[in-house]
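Undergrad: What follows is coords05.pdb; its format and atoms are PDB, C-alpha atoms and all ligand atoms.
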ATOM      1  CA  MET A   1       9.715 139.868 124.000
ATOM      2  CA  ARG A   2       8.064 139.862 120.604
ATOM      3  CA  ALA A   3       4.620 141.430 120.427
ATOM      4  CA  ILE A   4       2.357 138.908 118.690
ATOM      5  CA  ASP A   5      -0.293 140.391 116.479
ATOM      6  CA  HIS A   6      -2.088 139.391 113.292
ATOM      7  CA  ASN A   7       1.042 140.124 111.233
ATOM      8  CA  THR A   8       4.004 139.211 113.466
ATOM      9  CA  ILE A   9       2.593 135.760 114.278
ATOM     10  CA  THR A  10       3.750 134.493 110.870
ATOM     11  CA  ASP A  11       7.428 135.303 111.456
ATOM     12  CA  ALA A  12       7.190 133.894 114.991
ATOM     13  CA  ALA A  13       5.889 130.576 113.667
ATOM     14  CA  LEU A  14       8.502 130.437 110.889
ATOM     15  CA  GLU A  15      11.302 131.216 113.340
ATOM     16  CA  GLN A  16      10.301 128.347 115.612
ATOM     17  CA  MET A  17      10.446 125.900 112.677
ATOM     18  CA  SER A  18      13.697 127.246 111.292
ATOM     19  CA  ALA A  19      15.899 124.462 112.684
ATOM     20  CA  THR A  20      14.029 121.726 110.756
ATOM     21  CA  PRO A  21      16.896 119.488 109.534
ATOM     22  CA  ASN A  22      15.104 118.087 106.462
ATOM     23  CA  PRO A  23      15.365 120.904 103.869
ATOM     24  CA  ARG A  24      12.335 119.782 101.826
ATOM     25  CA  LEU A  25      10.146 119.467 104.938
ATOM     26  CA  LYS A  26      11.339 122.939 105.985
ATOM     27  CA  GLN A  27      10.467 124.411 102.582
ATOM     28  CA  ILE A  28       7.028 122.784 102.450
ATOM     29  CA  MET A  29       6.072 123.754 106.008
ATOM     30  CA  GLU A  30       7.297 127.327 105.615
ATOM     31  CA  GLY A  31       5.250 127.704 102.427
ATOM     32  CA  LEU A  32       2.216 126.148 104.087
ATOM     33  CA  VAL A  33       2.377 128.426 107.143
ATOM     34  CA  LYS A  34       2.910 131.559 105.063
ATOM     35  CA  HIS A  35      -0.030 130.843 102.752
ATOM     36  CA  LEU A  36      -2.297 129.550 105.506
ATOM     37  CA  HIS A  37      -1.729 132.703 107.548
ATOM     38  CA  GLU A  38      -2.220 134.897 104.490
ATOM     39  CA  PHE A  39      -5.464 133.062 103.709
ATOM     40  CA  ALA A  40      -6.827 133.793 107.213
ATOM     41  CA  ARG A  41      -5.818 137.456 106.925
ATOM     42  CA  GLU A  42      -7.317 137.788 103.442
ATOM     43  CA  VAL A  43     -10.764 136.484 104.405
ATOM     44  CA  ASP A  44     -10.540 137.820 107.994
ATOM     45  CA  LEU A  45     -11.420 134.372 109.319
ATOM     46  CA  THR A  46     -13.464 134.309 112.532
ATOM     47  CA  PRO A  47     -13.121 131.767 115.385
ATOM     48  CA  GLU A  48     -16.564 130.327 114.552
ATOM     49  CA  GLU A  49     -15.605 129.847 110.914
ATOM     50  CA  TRP A  50     -12.321 128.144 111.770
ATOM     51  CA  ILE A  51     -14.051 125.773 114.206
ATOM     52  CA  GLN A  52     -16.499 125.002 111.401
ATOM     53  CA  GLY A  53     -13.504 124.308 109.150
ATOM     54  CA  ILE A  54     -11.940 122.000 111.731
ATOM     55  CA  GLY A  55     -15.289 120.225 112.065
ATOM     56  CA  PHE A  56     -15.389 119.785 108.295
ATOM     57  CA  LEU A  57     -11.853 118.342 108.131
ATOM     58  CA  THR A  58     -12.667 116.051 111.072
ATOM     59  CA  ALA A  59     -15.746 114.769 109.214
ATOM     60  CA  VAL A  60     -13.650 114.214 106.071
ATOM     61  CA  GLY A  61     -11.241 112.049 108.080
ATOM     62  CA  GLN A  62     -14.053 110.168 109.805
ATOM     63  CA  LYS A  63     -15.584 109.301 106.426
ATOM     64  CA  CYS A  64     -12.409 107.513 105.305
ATOM     65  CA  THR A  65     -12.361 103.714 105.321
ATOM     66  CA  PRO A  66     -10.389 101.023 103.439
ATOM     67  CA  PHE A  67     -12.866 101.494 100.553
ATOM     68  CA  ARG A  68     -13.660 105.212 100.770
ATOM     69  CA  GLN A  69     -11.138 108.044 100.590
ATOM     70  CA  GLU A  70     -12.831 111.365 101.339
ATOM     71  CA  PHE A  71      -9.542 113.314 101.474
ATOM     72  CA  ILE A  72      -8.678 112.343  97.887
ATOM     73  CA  LEU A  73     -12.188 113.417  96.921
ATOM     74  CA  LEU A  74     -11.628 116.747  98.666
ATOM     75  CA  SER A  75      -8.288 117.221  96.910
ATOM     76  CA  ASP A  76      -9.915 116.328  93.577
ATOM     77  CA  THR A  77     -12.942 118.626  93.960
ATOM     78  CA  LEU A  78     -10.776 121.588  94.994
ATOM     79  CA  GLY A  79      -8.741 121.232  91.801
ATOM     80  CA  PHE A  80      -5.690 120.444  93.909
ATOM     81  CA  SER A  81      -5.104 116.967  92.442
ATOM     82  CA  ALA A  82      -5.294 118.399  88.908
ATOM     83  CA  LEU A  83      -2.782 121.080  89.925
ATOM     84  CA  ILE A  84      -0.364 118.482  91.365
ATOM     85  CA  ASN A  85      -0.744 116.478  88.120
ATOM     86  CA  ALA A  86       0.009 119.528  85.972
ATOM     87  CA  LEU A  87       3.112 120.278  88.049
ATOM     88  CA  HIS A  88       4.173 116.638  87.695
ATOM     89  CA  ASP A  89       3.784 116.848  83.889
ATOM     90  CA  LYS A  90       5.742 120.117  83.821
ATOM     91  CA  ARG A  91       8.706 118.410  85.518
ATOM     92  CA  GLY A  92       8.925 115.735  82.775
ATOM     93  CA  VAL A  93      12.222 115.640  80.880
ATOM     94  CA  GLU A  94      10.486 114.758  77.600
ATOM     95  CA  ALA A  95       7.007 114.660  76.064
ATOM     96  CA  SER A  96       4.461 112.148  77.325
ATOM     97  CA  THR A  97       0.739 111.545  77.512
ATOM     98  CA  LYS A  98      -0.839 113.973  79.989
ATOM     99  CA  SER A  99      -1.613 112.833  83.499
ATOM    100  CA  SER A 100      -5.132 112.767  84.848
ATOM    101  CA  LEU A 101      -6.700 111.985  88.178
ATOM    102  CA  LEU A 102      -6.072 108.674  89.866
ATOM    103  CA  GLY A 103      -9.218 109.297  91.897
ATOM    104  CA  PRO A 104     -10.405 107.487  95.014
ATOM    105  CA  PHE A 105     -11.197 104.138  93.360
ATOM    106  CA  TYR A 106      -7.781 102.728  92.409
ATOM    107  CA  ARG A 107      -6.990  99.339  93.994
ATOM    108  CA  GLU A 108      -3.649  97.590  94.315
ATOM    109  CA  GLY A 109      -3.346  94.076  92.915
ATOM    110  CA  SER A 110      -5.980  94.093  90.200
ATOM    111  CA  PRO A 111      -6.365  90.751  88.360
ATOM    112  CA  GLU A 112      -3.550  89.773  85.977
ATOM    113  CA  MET A 113      -5.070  89.310  82.508
ATOM    114  CA  ASN A 114      -4.016  88.265  79.017
ATOM    115  CA  LEU A 115      -4.244  90.563  76.000
ATOM    116  CA  GLY A 116      -7.771  90.436  74.602
ATOM    117  CA  ASP A 117      -9.421  89.522  77.929
ATOM    118  CA  CYS A 118     -12.548  91.364  79.103
ATOM    119  CA  ILE A 119     -12.193  93.181  82.439
ATOM    120  CA  VAL A 120     -15.946  93.199  83.138
ATOM    121  CA  ALA A 121     -17.609  90.122  84.668
ATOM    122  CA  SER A 122     -21.063  90.838  83.191
ATOM    123  CA  PRO A 123     -20.737  93.114  80.158
ATOM    124  CA  ARG A 124     -23.805  94.218  78.158
ATOM    125  CA  GLN A 125     -22.088  95.907  75.177
ATOM    126  CA  GLN A 126     -18.393  95.149  74.858
ATOM    127  CA  VAL A 127     -15.891  97.505  73.307
ATOM    128  CA  VAL A 128     -12.264  96.928  72.328
ATOM    129  CA  ILE A 129      -9.544  99.304  73.497
ATOM    130  CA  TYR A 130      -6.226  98.951  71.762
ATOM    131  CA  GLY A 131      -3.068 100.846  70.958
ATOM    132  CA  GLN A 132       0.611 101.029  71.654
ATOM    133  CA  VAL A 133       2.726 102.141  74.589
ATOM    134  CA  THR A 134       5.648 104.088  73.165
ATOM    135  CA  ASP A 135       8.598 106.174  74.261
ATOM    136  CA  ALA A 136       8.878 109.886  73.451
ATOM    137  CA  ALA A 137      10.241 109.032  69.990
ATOM    138  CA  GLY A 138       7.246 106.799  69.196
ATOM    139  CA  LYS A 139       9.093 103.485  69.585
ATOM    140  CA  GLY A 140       7.093 100.698  71.248
ATOM    141  CA  ILE A 141       8.025  99.738  74.814
ATOM    142  CA  PRO A 142       7.980  95.931  75.098
ATOM    143  CA  ASN A 143       5.999  94.362  77.941
ATOM    144  CA  ALA A 144       4.822  97.750  79.320
ATOM    145  CA  SER A 145       2.467  97.421  82.269
ATOM    146  CA  VAL A 146      -1.112  98.551  81.548
ATOM    147  CA  GLU A 147      -3.491  98.786  84.500
ATOM    148  CA  ILE A 148      -7.092  99.793  83.814
ATOM    149  CA  TRP A 149     -10.072 100.496  86.068
ATOM    150  CA  GLN A 150     -13.485 102.038  85.502
ATOM    151  CA  THR A 151     -17.165 102.007  86.383
ATOM    152  CA  ASP A 152     -19.693  99.622  84.921
ATOM    153  CA  GLU A 153     -22.293 100.657  82.353
ATOM    154  CA  ASP A 154     -24.433 102.098  85.164
ATOM    155  CA  GLY A 155     -21.718 104.323  86.639
ATOM    156  CA  SER A 156     -20.578 102.296  89.687
ATOM    157  CA  TYR A 157     -17.089 101.081  90.633
ATOM    158  CA  ASP A 158     -16.718  97.697  92.300
ATOM    159  CA  LEU A 159     -15.740  99.520  95.519
ATOM    160  CA  GLN A 160     -19.132 101.215  95.581
ATOM    161  CA  LYS A 161     -20.918  97.880  95.631
ATOM    162  CA  GLN A 162     -19.826  97.125  99.187
ATOM    163  CA  ASP A 163     -22.100  96.305 102.086
ATOM    164  CA  GLY A 164     -20.246  98.515 104.569
ATOM    165  CA  VAL A 165     -18.293  95.595 106.053
ATOM    166  CA  GLU A 166     -16.542  93.476 103.430
ATOM    167  CA  ILE A 167     -14.300  94.912 100.731
ATOM    168  CA  PRO A 168     -15.964  93.834  97.468
ATOM    169  CA  SER A 169     -14.228  91.533  95.004
ATOM    170  CA  MET A 170     -12.447  93.085  92.012
ATOM    171  CA  ASP A 171     -14.415  93.858  88.843
ATOM    172  CA  MET A 172     -14.080  96.361  85.973
ATOM    173  CA  ARG A 173     -10.320  96.412  86.494
ATOM    174  CA  GLY A 174      -7.338  94.448  85.262
ATOM    175  CA  HIS A 175      -3.579  94.398  84.805
ATOM    176  CA  PHE A 176      -2.197  93.677  81.305
ATOM    177  CA  HIS A 177       1.239  93.591  79.760
ATOM    178  CA  ALA A 178       1.861  94.909  76.263
ATOM    179  CA  ASP A 179       3.456  92.616  73.681
ATOM    180  CA  ALA A 180       7.027  92.782  72.332
ATOM    181  CA  GLU A 181       6.135  95.886  70.269
ATOM    182  CA  GLY A 182       4.409  97.673  73.138
ATOM    183  CA  LYS A 183       0.981  96.906  71.700
ATOM    184  CA  TYR A 184      -1.982  96.189  73.965
ATOM    185  CA  TYR A 185      -5.627  95.316  73.441
ATOM    186  CA  LEU A 186      -8.423  94.375  75.773
ATOM    187  CA  ARG A 187     -12.179  94.278  76.026
ATOM    188  CA  THR A 188     -14.343  96.308  78.380
ATOM    189  CA  VAL A 189     -17.572  98.357  78.318
ATOM    190  CA  ILE A 190     -18.160 102.084  77.909
ATOM    191  CA  PRO A 191     -18.482 103.357  81.470
ATOM    192  CA  LEU A 192     -21.264 105.741  82.452
ATOM    193  CA  GLY A 193     -20.390 109.155  83.849
ATOM    194  CA  TYR A 194     -21.300 109.404  87.513
ATOM    195  CA  MET A 195     -21.891 111.719  90.396
ATOM    196  CA  ILE A 196     -19.054 111.733  92.910
ATOM    197  CA  PRO A 197     -20.005 110.257  96.332
ATOM    198  CA  MET A 198     -22.315 112.939  97.746
ATOM    199  CA  ASP A 199     -23.209 111.329 101.100
ATOM    200  CA  GLY A 200     -20.301 112.888 102.981
ATOM    201  CA  PRO A 201     -18.797 116.251 103.881
ATOM    202  CA  VAL A 202     -17.365 116.768 100.375
ATOM    203  CA  GLY A 203     -20.852 116.208  98.931
ATOM    204  CA  ASP A 204     -22.198 118.821 101.393
ATOM    205  CA  MET A 205     -19.547 121.243 100.148
ATOM    206  CA  ILE A 206     -20.473 120.571  96.501
ATOM    207  CA  LEU A 207     -24.173 121.196  97.254
ATOM    208  CA  ALA A 208     -23.383 124.402  99.179
ATOM    209  CA  GLN A 209     -21.530 125.630  96.091
ATOM    210  CA  LYS A 210     -24.415 124.718  93.743
ATOM    211  CA  ARG A 211     -22.140 122.433  91.673
ATOM    212  CA  HIS A 212     -23.645 119.454  89.826
ATOM    213  CA  GLY A 213     -21.168 116.887  91.200
ATOM    214  CA  TYR A 214     -20.858 114.878  87.956
ATOM    215  CA  ARG A 215     -17.813 113.400  86.286
ATOM    216  CA  PRO A 216     -17.949 112.605  82.571
ATOM    217  CA  SER A 217     -17.590 108.991  81.417
ATOM    218  CA  HIS A 218     -13.938 107.965  81.758
ATOM    219  CA  ILE A 219     -11.557 105.034  81.946
ATOM    220  CA  HIS A 220      -8.551 105.129  84.274
ATOM    221  CA  PHE A 221      -5.119 103.856  83.253
ATOM    222  CA  MET A 222      -1.787 103.410  84.957
ATOM    223  CA  ILE A 223       1.003 102.741  82.488
ATOM    224  CA  GLY A 224       4.574 101.877  83.423
ATOM    225  CA  ALA A 225       7.845 100.296  82.333
ATOM    226  CA  PRO A 226      11.292 100.135  83.945
ATOM    227  CA  GLY A 227      13.253 103.342  83.324
ATOM    228  CA  TYR A 228      10.141 105.383  82.413
ATOM    229  CA  ARG A 229       7.971 107.740  84.433
ATOM    230  CA  GLU A 230       4.845 106.057  85.654
ATOM    231  CA  LEU A 231       1.777 107.533  83.948
ATOM    232  CA  ALA A 232      -1.513 107.796  85.848
ATOM    233  CA  THR A 233      -4.132 109.068  83.446
ATOM    234  CA  ALA A 234      -7.698 108.629  82.197
ATOM    235  CA  LEU A 235      -9.447 108.685  78.849
ATOM    236  CA  TYR A 236     -12.726 110.594  78.473
ATOM    237  CA  THR A 237     -15.556 109.619  76.143
ATOM    238  CA  ALA A 238     -16.363 112.202  73.455
ATOM    239  CA  GLY A 239     -19.918 113.532  73.561
ATOM    240  CA  ASP A 240     -20.435 113.311  77.323
ATOM    241  CA  ASP A 241     -22.500 116.220  78.710
ATOM    242  CA  HIS A 242     -20.004 116.940  81.483
ATOM    243  CA  LEU A 243     -16.729 117.042  79.542
ATOM    244  CA  GLU A 244     -16.527 120.823  79.999
ATOM    245  CA  SER A 245     -17.574 120.899  83.642
ATOM    246  CA  ASP A 246     -15.929 117.859  85.265
ATOM    247  CA  THR A 247     -16.302 118.256  89.050
ATOM    248  CA  VAL A 248     -12.684 117.212  89.559
ATOM    249  CA  PHE A 249     -11.094 118.978  86.539
ATOM    250  CA  GLY A 250      -9.608 115.829  84.976
ATOM    251  CA  VAL A 251     -10.465 116.413  81.303
ATOM    252  CA  THR A 252      -8.019 117.781  78.802
ATOM    253  CA  ASP A 253      -8.400 117.730  74.980
ATOM    254  CA  SER A 254      -5.707 115.146  74.286
ATOM    255  CA  LEU A 255      -7.374 112.579  76.573
ATOM    256  CA  VAL A 256     -10.789 112.592  74.832
ATOM    257  CA  ILE A 257     -11.493 109.371  72.912
ATOM    258  CA  GLN A 258     -13.873 108.464  70.110
ATOM    259  CA  VAL A 259     -15.641 105.137  69.772
ATOM    260  CA  ASN A 260     -15.196 103.753  66.255
ATOM    261  CA  LYS A 261     -17.936 101.410  65.022
ATOM    262  CA  ASP A 262     -15.953 100.038  62.088
ATOM    263  CA  ASP A 263     -12.177 100.229  62.487
ATOM    264  CA  ALA A 264     -10.483  97.815  60.071
ATOM    265  CA  ASN A 265      -7.307  97.920  62.182
ATOM    266  CA  ALA A 266      -8.958  96.839  65.424
ATOM    267  CA  PRO A 267      -7.442  93.566  66.662
ATOM    268  CA  ILE A 268     -10.836  92.067  67.555
ATOM    269  CA  LYS A 269     -13.520  92.291  64.852
ATOM    270  CA  GLY A 270     -17.259  92.730  65.285
ATOM    271  CA  LEU A 271     -17.087  95.105  68.265
ATOM    272  CA  PRO A 272     -16.860  98.896  68.489
ATOM    273  CA  SER A 273     -13.336  99.984  69.271
ATOM    274  CA  ILE A 274     -11.236 102.781  70.702
ATOM    275  CA  ARG A 275      -7.628 103.340  69.738
ATOM    276  CA  TYR A 276      -5.289 105.168  72.070
ATOM    277  CA  ASP A 277      -1.487 105.233  72.136
ATOM    278  CA  PHE A 278       0.210 106.072  75.411
ATOM    279  CA  GLN A 279       3.551 107.847  75.422
ATOM    280  CA  LEU A 280       5.930 107.494  78.360
ATOM    281  CA  ALA A 281       8.778 109.858  79.203
ATOM    282  CA  LEU A 282      12.101 108.653  80.513
ATOM    283  CA  ALA A 283      12.379 108.820  84.277
ATOM    284  CA  ALA A 284      14.911 111.428  85.360
ATOM    285  CA  LYS A 285      14.582 110.049  88.860
ATOM    286  CA  LEU A 286      12.407 107.514  90.581
ATOM    287  CA  GLY A 287       9.030 108.698  91.787
ATOM    288  CA  SER A 288       5.365 107.981  91.542
ATOM    289  CA  GLY A 289       2.981 109.627  89.094
ATOM    290  CA  ARG A 290       0.049 108.918  91.363
ATOM    291  CA  VAL A 291      -1.984 111.628  93.022
ATOM    292  CA  GLY A 292      -3.863 109.230  95.262
ATOM    293  CA  ALA A 293      -3.628 105.613  96.274
ATOM    294  CA  ASP A 294      -5.639 102.522  97.044
ATOM    295  CA  PRO A 295      -7.881 103.664  99.956
ATOM    296  CA  SER A 296      -6.960 100.569 101.980
ATOM    297  CA  GLN A 297      -3.247 101.475 101.747
ATOM    298  CA  ILE A 298      -3.859 105.046 102.942
ATOM    299  CA  THR A 299      -5.820 103.779 105.940
ATOM    300  CA  LYS A 300      -2.838 101.578 106.864
ATOM    301  CA  VAL A 301      -0.384 104.487 106.597
ATOM    302  CA  GLY A 302      -2.575 106.617 108.852
ATOM    303  CA  ALA A 303      -3.145 103.875 111.426
TER
HETATM  304 FE    FE B   1     -13.088 107.634  88.101
END
Is it possible to give me this structure as structure tokens?
TA:
Amino acid sequence: MRAIDHNTITDAALEQMSATPNPRLKQIMEGLVKHLHEFAREVDLTPEEWIQGIGFLTAVGQKCTPFRQEFILLSDTLGFSALINALHDKRGVEASTKSSLLGPFYREGSPEMNLGDCIVASPRQQVVIYGQVTDAAGKGIPNASVEIWQTDEDGSYDLQKQDGVEIPSMDMRGHFHADAEGKYYLRTVIPLGYMIPMDGPVGDMILAQKRHGYRPSHIHFMIGAPGYRELATALYTAGDDHLESDTVFGVTDSLVIQVNKDDANAPIKGLPSIRYDFQLALAAKLGSGRVGADPSQITKVGA
């Protein structure tokens, strides 16, 4: 009989899983067990600490609802979502706009809108966002799908305006289709940067680590077209105080946008404007570019 100790336990666990028929599941679980065991050995984890960890993960799960996804927040604040995004970008077969976090506030089925529409029900200062969705060679992709979601000018998503019972109606989000040349334009507001939800276990973790918890002002996009890799990304407003210290590590240079007060090329005159062209890579195989999902869909999967 094998003597189980703090080292041999890893091989014993791997051996018991070795008949896993699905090769990808086998690879993922073997990697997970190896690194999880190594982590415990490295920090010499005590029973009390692991029970505390299990309590933390239990609280993260208990905080999840159809309009709140604490596990995505945990993944984001650990830098894990940004890592998965970077790996996804690395696998691309050709150049494209960089991915960024989908975050916990994406919702399926946002309102279908026409080019030029405003996604905000009660805007104070409107701004135009326009540009072109292109392929890797810079050629426009006709009718590309452009989904957008963001906070209002005070830093709140529609999902955060819920009463704890009803899922709030959609606002500050919309679904557009580019024109025959891949061009899109719409109206919105400049969102305010915000503190991630701090009233849960992830917030407790952030406070224990003396982190500020802020995200810089940003606008989420999901861009897609048949035959191309779906792009989940976000654009970040230049000048925000937290661009360099985003709590969820979403910012990268190429995604920072400038607001132009007087752009002669803007398709709607008399408003400040932002121009951004999105580049999609061909899809080598089908697959999602989303690290995250509509919280209500995740709750269903877990039910
Ligand atoms: Fe966000």
Undergrad: Which polymer residues have any atom within 9 Å of an atom of region 33-37 of chain A, counting only C-alpha atoms, with same-chain residues fewer than 6 positions away left out, as a PyMOL selection string?
TA: chain A and resi 6-7+9-11+13-14
Undergrad: Expand the PyMOL selection byres (((not hetatm)) within 7 of (chain B and resi 1)) into the explicit residue set it covers here, and present it as an NGL selection string.
TA: :A and (103 or 105 or 150 or 218-220)
Undergrad: Applying 12 Å and only C-alpha atoms, which residues near Lys269 (chain A) remain after dropping the ones on its own chain fewer than 6 positions away? List them as a VMD selection string.
TA: chain A and resid 116 126 to 129 187 260 to 263
Undergrad: Would you compute the distance between CA of Leu102 (chain A) and CA of Ala136 (chain A)? Give it in Å to one decimal.
TA: 22.2 Å
Undergrad: Mind checking which residues fall within 12 Å of region 139-147 of chain A, counting only C-alpha atoms, ignoring those fewer than 4 positions away in the same chain, and posting them as JSON, numbers by chain?
TA: {"A": [102, 106, 107, 108, 109, 110, 111, 112, 113, 114, 115, 119, 129, 130, 131, 132, 133, 134, 135, 172, 173, 174, 175, 176, 177, 178, 179, 180, 181, 182, 183, 184, 185, 186, 219, 220, 221, 222, 223, 224, 225, 226, 227, 228, 229, 230, 231, 232, 233, 234, 277, 278, 279, 280, 281, 282]}
Undergrad: One decimal, Å: what's the distance from CA of Asp204 (chain A) over to CA of Gly55 (chain A), could you say?
TA: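 Answer for the CA of Asp204 (chain A) to CA of Gly55 (chain A) separation: 12.8 Å.
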Undergrad: Ranking A:Gly92, A:Gly155, A:Pro216, A:Pro23 by minimum distance to Thr252 (chain A) and counting only C-alpha atoms, which one comes first?
TA: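 Checking each candidate against Thr252 (chain A), we get A:Pro216 as the closest.
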Undergrad: Pull out every residue that the PyMOL selection byres (((chain A and resi 202) around 10) and not hetatm) matches in the shown coordinates and put them as a list of chain:residue names.
TA: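 Applied to this file, the PyMOL selection byres (((chain A and resi 202) around 10) and not hetatm) returns A:Phe56, A:Leu57, A:Ala59, A:Val60, A:Lys63, A:Glu70, A:Phe71, A:Leu73, A:Leu74, A:Ser75, A:Thr77, A:Leu78, A:Ile196, A:Pro197, A:Met198, A:Asp199, A:Gly200, A:Pro201, A:Gly203, A:Asp204, A:Met205, A:Ile206, A:Leu207, A:Ala208, A:Gly213.
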Undergrad: Using the file's own x, y and z axes, what box holds all listed atoms of region 102-107 of chain A with 5 Å on each side, keeping edges along x, y and z, and what are its centre and edge lengths in Å to one decimal, as JSON?
TA:
{"center_x": -8.6, "center_y": 104.3, "center_z": 92.4, "size_x": 15.1, "size_y": 20.0, "size_z": 15.1}
Undergrad: What is the CA of Val93 (chain A)-CA of Ala137 (chain A) distance in Å, reported with one decimal?
TA: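 Taking CA of Val93 (chain A) as the start and CA of Ala137 (chain A) as the end point, the length is 12.9 Å.
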Undergrad: Using all atoms listed in the file for the distances, tell me which of A:Gln160, A:Thr247, A:Ser96, A:Ser217 is nearest to Arg68 (chain A).
TA: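 Going through A:Gln160, A:Thr247, A:Ser96, A:Ser217 one by one, the smallest distance to Arg68 (chain A) is for A:Gln160.
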Undergrad: Given the choices A:Asp253, A:Pro168, A:Arg211, A:Asp240, which gets closest to Leu192 (chain A) if the distance is worked out from all atoms listed in the file?
TA: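 For Leu192 (chain A), the nearest of the given residues is A:Asp240.
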Undergrad: I need every residue sitting at most 10 Å from the point (-11.3, 119.8, 85.4) (coordinates as in the file, all atoms listed in the file considered), written as an mmCIF file with C-alpha atoms, keeping the file's coordinate frame.
TA:
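Writing done, so here's result_21.cif:
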data_model
loop_
_atom_site.group_PDB
_atom_site.id
_atom_site.type_symbol
_atom_site.label_atom_id
_atom_site.label_comp_id
_atom_site.auth_asym_id
_atom_site.auth_seq_id
_atom_site.Cartn_x
_atom_site.Cartn_y
_atom_site.Cartn_z
ATOM 1 C CA ASP A 76 -9.915 116.328 93.577
ATOM 2 C CA THR A 77 -12.942 118.626 93.960
ATOM 3 C CA LEU A 78 -10.776 121.588 94.994
ATOM 4 C CA GLY A 79 -8.741 121.232 91.801
ATOM 5 C CA SER A 81 -5.104 116.967 92.442
ATOM 6 C CA ALA A 82 -5.294 118.399 88.908
ATOM 7 C CA LEU A 83 -2.782 121.080 89.925
ATOM 8 C CA SER A 100 -5.132 112.767 84.848
ATOM 9 C CA LEU A 101 -6.700 111.985 88.178
ATOM 10 C CA ARG A 215 -17.813 113.400 86.286
ATOM 11 C CA HIS A 242 -20.004 116.940 81.483
ATOM 12 C CA LEU A 243 -16.729 117.042 79.542
ATOM 13 C CA GLU A 244 -16.527 120.823 79.999
ATOM 14 C CA SER A 245 -17.574 120.899 83.642
ATOM 15 C CA ASP A 246 -15.929 117.859 85.265
ATOM 16 C CA THR A 247 -16.302 118.256 89.050
ATOM 17 C CA VAL A 248 -12.684 117.212 89.559
ATOM 18 C CA PHE A 249 -11.094 118.978 86.539
ATOM 19 C CA GLY A 250 -9.608 115.829 84.976
ATOM 20 C CA VAL A 251 -10.465 116.413 81.303
ATOM 21 C CA THR A 252 -8.019 117.781 78.802
#
Undergrad: If you count all atoms listed in the file, which residues fall within 6 Å of Pro295 (chain A), apart from same-chain ones fewer than 6 positions away, as a list of chain:residue names?
TA: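 Close residues of Pro295 (chain A): A:Pro66, A:Phe67, A:Gln69.
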Undergrad: Please determine, counting all atoms listed in the file, which residue among A:Thr8, A:Val189, A:Ala266, A:Met195 has the shortest atom-to-atom distance to Glu38 (chain A).
TA: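 For Glu38 (chain A), the nearest of the given residues is A:Thr8.
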